[in-house]
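Undergrad: The structure's right below; bear with me while I get my questions together.
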Amino acid sequence: MNQREPHPDPESDGLYRAIMLVLIGSILLGAVLTLSGEAVFGSKPLANVGLGMAVLAGIAYWGLRLKARAAQRKAEERSERDGA
């Protein structure tokens with residue numbers, strides 16, 4: 001009988017968590033640049049880059065979360081189907 005190992009939760013994977021932390025850091029840094037770019041540094045392009053960075057990192061963050069949730073759901077369905 002060929003039994004597969006149960007798929008671990010993607011959110012407990014160290015690499016997944018590291019990528020998520022980098023994306024969260026990028027969102028925060030982008031927000032800080034957006035808010036302080038023009039006011040503190042007097043640079044409108046710096047504020048625009050910060051906004052773009054925050055938006056792109058936010059899209060990547062949510063995309064990765066949705067993909068991990070879908071993979072987890074699929075693994076659970078597969079294990080229920082194989083176990084039944």
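Ligands are numbered from 1 in the order shown, residues from 1 within each chain, and chains are lettered A, B, ... in the order they appear in the structure tokens.
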Chain A: which residues are alpha helix (DSSP H) by DSSP, as a PyMOL selection string?

TA: chain A and resi 14-36+44-83

Undergrad: May I ask which of the residues A:Gly63, A:Ala71, A:Ser26, A:Arg81 is the closest one to Val49 (chain A), counting only C-alpha atoms?

TA: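 That would be A:Ser26, the residue with the smallest distance to Val49 (chain A).
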
Undergrad: For a test of reading the model, state the distance in Å between CA of Glu80 (chain A) and CA of Tyr16 (chain A), rounded to one decimal.

TA: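 Interatomic distance, CA of Glu80 (chain A) to CA of Tyr16 (chain A): 24.3 Å.
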